[in-house]
file structure23.txt (compact mmCIF, C-alpha atoms (C1' of nucleotides))
# COMPACT_ATOMS: atom_id res chain seq x y z
CA MET A 1 111.80 71.57 97.77
CA GLY A 2 114.70 73.86 96.92
CA LYS A 3 115.61 77.05 98.57
CA GLN A 4 112.80 79.57 98.78
CA TYR A 5 113.13 83.32 98.46
CA TRP A 6 111.32 86.09 100.28
CA LEU A 7 111.11 89.83 100.68
CA MET A 8 110.68 91.38 104.10
CA LYS A 9 109.86 95.02 104.73
CA SER A 10 110.95 97.19 107.56
CA GLU A 11 110.74 100.91 108.04
CA PRO A 12 114.36 101.93 108.57
CA ASP A 13 113.20 104.26 111.33
CA ALA A 14 112.03 101.22 113.25
CA TYR A 15 114.68 98.69 112.27
CA ALA A 16 117.18 99.25 109.49
CA TRP A 17 119.49 96.91 107.61
CA GLY A 18 122.47 98.54 109.30
CA GLN A 19 121.07 97.59 112.67
CA LEU A 20 120.73 93.95 111.65
CA VAL A 21 124.31 93.94 110.42
CA LYS A 22 125.39 95.44 113.72
CA ASP A 23 123.33 92.94 115.73
CA GLY A 24 124.53 89.95 113.71
CA THR A 25 121.13 88.28 114.06
CA GLY A 26 117.60 89.23 114.95
CA ILE A 27 114.04 88.01 115.14
CA TRP A 28 111.54 89.40 112.65
CA ASP A 29 108.84 90.44 115.10
CA GLY A 30 105.75 92.59 114.94
CA VAL A 31 104.05 90.97 111.94
CA ARG A 32 100.29 91.29 112.50
CA ASN A 33 98.89 90.25 109.17
CA HIS A 34 97.73 86.75 108.43
CA THR A 35 99.07 86.53 104.91
CA ALA A 36 102.47 87.69 106.09
CA LYS A 37 102.27 85.24 108.98
CA LEU A 38 101.61 82.34 106.60
CA ASN A 39 104.71 83.34 104.68
CA LEU A 40 106.76 83.41 107.88
CA MET A 41 105.46 79.95 108.72
CA ALA A 42 106.44 78.65 105.28
CA MET A 43 110.05 79.76 105.65
CA LYS A 44 112.71 77.09 106.00
CA LYS A 45 116.13 77.35 107.51
CA GLY A 46 118.53 78.33 104.75
CA ASP A 47 115.94 80.30 102.74
CA GLU A 48 117.07 83.75 101.69
CA ALA A 49 115.21 87.04 101.92
CA LEU A 50 115.64 90.56 100.62
CA PHE A 51 115.64 93.27 103.27
CA TYR A 52 113.44 96.08 101.96
CA HIS A 53 113.35 99.56 103.44
CA SER A 54 109.77 100.79 103.26
CA ASN A 55 108.68 104.41 103.46
CA ILE A 56 112.21 105.80 103.63
CA GLY A 57 114.38 104.61 100.80
CA LYS A 58 111.82 102.27 99.25
CA GLU A 59 114.54 99.92 98.12
CA CYS A 60 115.98 96.48 98.66
CA VAL A 61 119.25 96.92 100.48
CA GLY A 62 120.52 93.53 101.58
CA ILE A 63 120.21 89.77 101.65
CA MET A 64 119.32 87.83 104.78
CA GLU A 65 119.27 84.16 105.57
CA ILE A 66 116.59 82.46 107.62
CA THR A 67 118.48 80.85 110.49
CA GLU A 68 115.58 79.62 112.60
CA GLU A 69 112.10 78.61 111.49
CA SER A 70 108.95 80.18 112.88
CA PHE A 71 108.15 80.26 116.56
CA PRO A 72 105.73 82.36 118.65
CA ASP A 73 106.32 86.11 118.57
CA PRO A 74 107.55 87.09 122.04
CA THR A 75 106.19 90.61 121.47
CA ALA A 76 102.64 89.32 120.96
CA GLU A 77 100.11 88.27 123.59
CA GLU A 78 100.43 84.73 124.78
CA GLY A 79 98.13 82.47 122.82
CA SER A 80 98.03 84.78 119.83
CA PRO A 81 98.78 83.31 116.40
CA TRP A 82 101.69 85.57 115.54
CA VAL A 83 105.10 84.18 114.80
CA VAL A 84 108.64 85.29 114.09
CA VAL A 85 111.63 83.81 112.31
CA ARG A 86 115.27 84.39 113.13
CA VAL A 87 117.37 86.01 110.43
CA ALA A 88 121.00 86.91 109.88
CA PRO A 89 122.52 89.26 107.32
CA VAL A 90 124.32 87.63 104.40
CA ARG A 91 125.54 90.68 102.51
CA ALA A 92 124.50 94.13 101.41
CA LEU A 93 123.45 94.52 97.80
CA THR A 94 126.14 96.16 95.69
CA HIS A 95 123.57 98.82 94.80
CA PRO A 96 120.13 99.08 96.34
CA VAL A 97 117.32 98.06 94.01
CA THR A 98 114.60 100.67 94.28
CA LEU A 99 110.87 100.19 94.09
CA ALA A 100 110.93 102.47 91.04
CA ALA A 101 113.40 100.14 89.32
CA ILE A 102 111.31 97.11 90.19
CA LYS A 103 108.17 98.81 88.87
CA ALA A 104 110.00 99.71 85.68
CA GLU A 105 110.88 96.06 85.00
CA PRO A 106 107.96 94.22 83.37
CA ARG A 107 109.31 90.84 84.45
CA LEU A 108 108.83 91.90 88.08
CA ALA A 109 105.26 93.09 87.68
CA ASP A 110 103.84 89.98 89.35
CA MET A 111 105.84 90.31 92.55
CA ASP A 112 103.93 90.36 95.81
CA LEU A 113 105.70 93.65 96.46
CA ILE A 114 103.92 95.21 93.48
CA ARG A 115 100.62 93.38 93.47
CA GLN A 116 100.02 93.64 97.19
CA SER A 117 101.87 96.71 98.28
CA ARG A 118 100.87 96.53 101.93
CA LEU A 119 102.09 92.98 102.45
CA SER A 120 105.16 93.12 104.66
CA VAL A 121 106.43 89.59 104.05
CA GLY A 122 106.13 88.37 100.48
CA ARG A 123 107.33 85.59 98.25
CA VAL A 124 109.94 86.08 95.58
CA THR A 125 110.28 83.51 92.80
CA PRO A 126 113.76 82.20 91.92
CA THR A 127 113.50 84.01 88.58
CA GLU A 128 112.61 87.29 90.25
CA TRP A 129 115.38 86.77 92.79
CA GLN A 130 118.04 86.26 90.13
CA LEU A 131 116.85 89.30 88.22
CA ILE A 132 116.87 91.58 91.26
CA LEU A 133 120.36 90.42 92.19
CA LYS A 134 121.50 91.08 88.65
CA MET A 135 119.95 94.56 88.78
CA SER A 136 121.76 95.21 92.05
CA GLU A 137 125.10 94.58 90.36
CA THR A 138 124.57 96.99 87.52
CA ALA A 139 122.54 99.97 88.65
CA ALA A 140 121.69 102.12 91.60
CA GLY A 141 118.09 102.10 90.51
C1' DG B 1 76.36 87.24 106.42
C1' DC B 2 76.50 91.92 104.58
C1' DC B 3 78.29 96.32 104.56
C1' DA B 4 79.55 100.91 106.27
C1' DA B 5 82.88 103.02 109.14
C1' DC B 6 87.23 103.26 110.58
C1' DG B 7 92.29 102.31 111.19
C1' DT B 8 96.78 101.17 109.21
C1' DT B 9 100.23 100.68 105.68
C1' DG B 10 102.87 102.57 102.41
C1' DG B 11 103.52 105.04 98.01
C1' DC B 12 103.34 109.48 96.00
C1' DG C 1 99.30 115.69 103.44
C1' DC C 2 96.66 112.83 100.56
C1' DC C 3 94.91 108.70 98.97
C1' DA C 4 94.44 103.74 97.50
C1' DA C 5 94.42 99.19 99.21
C1' DC C 6 93.01 96.35 102.46
C1' DG C 7 92.05 94.51 107.12
C1' DT C 8 89.01 94.80 111.15
C1' DT C 9 85.03 96.00 113.73
C1' DG C 10 80.35 96.46 114.77
C1' DG C 11 75.47 97.35 113.60
C1' DC C 12 71.80 95.24 111.51
call {"tool": "encode", "arguments": {"input": "structure23.txt", "output": "structure tokens"}}
result
Amino acid sequence: MGKQYWLMKSEPDAYAWGQLVKDGTGIWDGVRNHTAKLNLMAMKKGDEALFYHSNIGKECVGIMEITEESFPDPTAEEGSPWVVVRVAPVRALTHPVTLAAIKAEPRLADMDLIRQSRLSVGRVTPTEWQLILKMSETAAG
DNA sequence: GCCAACGTTGGC
DNA sequence: GCCAACGTTGGC
């Protein structure tokens, strides 16, 4: 299988893109939803993910790489099913791609982000990924 | 196993 | 602040 693409949400109040850049690497902890967990478990080292700021900003702001595949979430109770992956920032998007811009693009209407708005870790198809990156080069949203 | 009540997420 | 979506809990 080729590289897979993902979108991961964080409220910037809790953990922002800038913090990940500052930290250099981080674990994506706190996921407590089974669908999101399955996505974390499906991630492979070298996959790439969009960092999305939920609530404040509501936009994709950067690209991360998965640097370590899923392992138990140290912030969860022992024996619980929750997992984390390790991520590292790759680069900021030239311009953030806003939720409004994604909603305005019919070719992105099937994204997990749109169809299942509460899902914090979603899949992005290669086609969707290329389109979002292209949008990030040309517009601020 | 069904469903009402309730809590959380996240957009508006 | 409100509400829709959706997950969880608990009564039956």
call {"tool": "closest_residue", "arguments": {"input": "structure23.txt", "among": "A:Ala88, A:Ile102, A:Ala16, A:Leu119", "to": "DA5 of chain C", "atoms": "only C-alpha atoms (C1' of nucleotides)"}}
result
A:Leu119
call {"tool": "atom_distance", "arguments": {"input": "structure23.txt", "atom1": "atom CA of Leu38 of chain A", "atom2": "atom CA of Arg123 of chain A"}}
result
10.6 Å
call {"tool": "interface_residues", "arguments": {"input": "structure23.txt", "of": "chain B", "to": "chain A", "cutoff": "8 Å", "atoms": "all atoms listed in the file", "output": "ChimeraX atom specification"}}
result
/B:9-11
call {"tool": "residues_around", "arguments": {"input": "structure23.txt", "residues": "segment 2-5 of chain A", "least_positions_apart": "6", "cutoff": "9 Å", "atoms": "only C-alpha atoms (C1' of nucleotides)", "output": "number ranges by chain"}}
result
A: 43-50, 122-126, 129
call {"tool": "closest_residue", "arguments": {"input": "structure23.txt", "among": "A:Lys9, A:Arg32, A:Arg115, A:Lys22", "to": "DT8 of chain C", "atoms": "only C-alpha atoms (C1' of nucleotides)"}}
result
A:Arg32
call {"tool": "atom_distance", "arguments": {"input": "structure23.txt", "atom1": "atom CA of Trp17 of chain A", "atom2": "atom CA of Val85 of chain A"}}
result
16.0 Å
call {"tool": "closest_residue", "arguments": {"input": "structure23.txt", "among": "A:Cys60, A:Val31, A:Val87, A:Ala100", "to": "Pro72 of chain A", "atoms": "only C-alpha atoms"}}
result
A:Val31
call {"tool": "residues_around", "arguments": {"input": "structure23.txt", "residues": "Thr75 of chain A", "least_positions_apart": "3", "cutoff": "12 Å", "atoms": "all atoms listed in the file", "output": "ChimeraX atom specification"}}
result
/A:27-32,71-72,78-84
call {"tool": "atom_distance", "arguments": {"input": "structure23.txt", "atom1": "atom CA of Val97 of chain A", "atom2": "atom CA of Ala109 of chain A"}}
result
14.5 Å
call {"tool": "build_atoms", "arguments": {"input": "structure23.txt", "residues": "segment 32-44 of chain A", "atoms": "N, CA and C atoms", "output": "PDB file, in the frame of the given file"}}
result
ATOM      1  N   ARG A  32     101.664  91.431 112.003  1.00  0.00           N
ATOM      2  CA  ARG A  32     100.290  91.290 112.500  1.00  0.00           C
ATOM      3  C   ARG A  32      99.311  91.166 111.351  1.00  0.00           C
ATOM      4  N   ASN A  33      99.716  90.446 110.360  1.00  0.00           N
ATOM      5  CA  ASN A  33      98.890  90.250 109.170  1.00  0.00           C
ATOM      6  C   ASN A  33      98.945  88.760 108.835  1.00  0.00           C
ATOM      7  N   HIS A  34      97.771  88.206 108.558  1.00  0.00           N
ATOM      8  CA  HIS A  34      97.730  86.750 108.430  1.00  0.00           C
ATOM      9  C   HIS A  34      98.446  86.223 107.195  1.00  0.00           C
ATOM     10  N   THR A  35      98.358  86.959 106.113  1.00  0.00           N
ATOM     11  CA  THR A  35      99.070  86.530 104.910  1.00  0.00           C
ATOM     12  C   THR A  35     100.575  86.539 105.149  1.00  0.00           C
ATOM     13  N   ALA A  36     101.040  87.601 105.773  1.00  0.00           N
ATOM     14  CA  ALA A  36     102.470  87.690 106.090  1.00  0.00           C
ATOM     15  C   ALA A  36     102.865  86.580 107.065  1.00  0.00           C
ATOM     16  N   LYS A  37     101.992  86.304 108.011  1.00  0.00           N
ATOM     17  CA  LYS A  37     102.270  85.240 108.980  1.00  0.00           C
ATOM     18  C   LYS A  37     102.420  83.886 108.288  1.00  0.00           C
ATOM     19  N   LEU A  38     101.520  83.612 107.329  1.00  0.00           N
ATOM     20  CA  LEU A  38     101.610  82.340 106.600  1.00  0.00           C
ATOM     21  C   LEU A  38     102.946  82.234 105.867  1.00  0.00           C
ATOM     22  N   ASN A  39     103.405  83.358 105.337  1.00  0.00           N
ATOM     23  CA  ASN A  39     104.710  83.340 104.680  1.00  0.00           C
ATOM     24  C   ASN A  39     105.827  83.069 105.689  1.00  0.00           C
ATOM     25  N   LEU A  40     105.749  83.695 106.842  1.00  0.00           N
ATOM     26  CA  LEU A  40     106.760  83.410 107.880  1.00  0.00           C
ATOM     27  C   LEU A  40     106.774  81.925 108.223  1.00  0.00           C
ATOM     28  N   MET A  41     105.564  81.359 108.320  1.00  0.00           N
ATOM     29  CA  MET A  41     105.460  79.950 108.720  1.00  0.00           C
ATOM     30  C   MET A  41     105.970  79.014 107.637  1.00  0.00           C
ATOM     31  N   ALA A  42     105.986  79.493 106.393  1.00  0.00           N
ATOM     32  CA  ALA A  42     106.440  78.650 105.280  1.00  0.00           C
ATOM     33  C   ALA A  42     107.957  78.710 105.102  1.00  0.00           C
ATOM     34  N   MET A  43     108.600  79.601 105.812  1.00  0.00           N
ATOM     35  CA  MET A  43     110.050  79.760 105.650  1.00  0.00           C
ATOM     36  C   MET A  43     110.801  78.575 106.244  1.00  0.00           C
ATOM     37  N   LYS A  44     111.847  78.180 105.534  1.00  0.00           N
ATOM     38  CA  LYS A  44     112.710  77.090 106.000  1.00  0.00           C
ATOM     39  C   LYS A  44     114.106  77.636 106.279  1.00  0.00           C
TER      40      LYS A  44
END
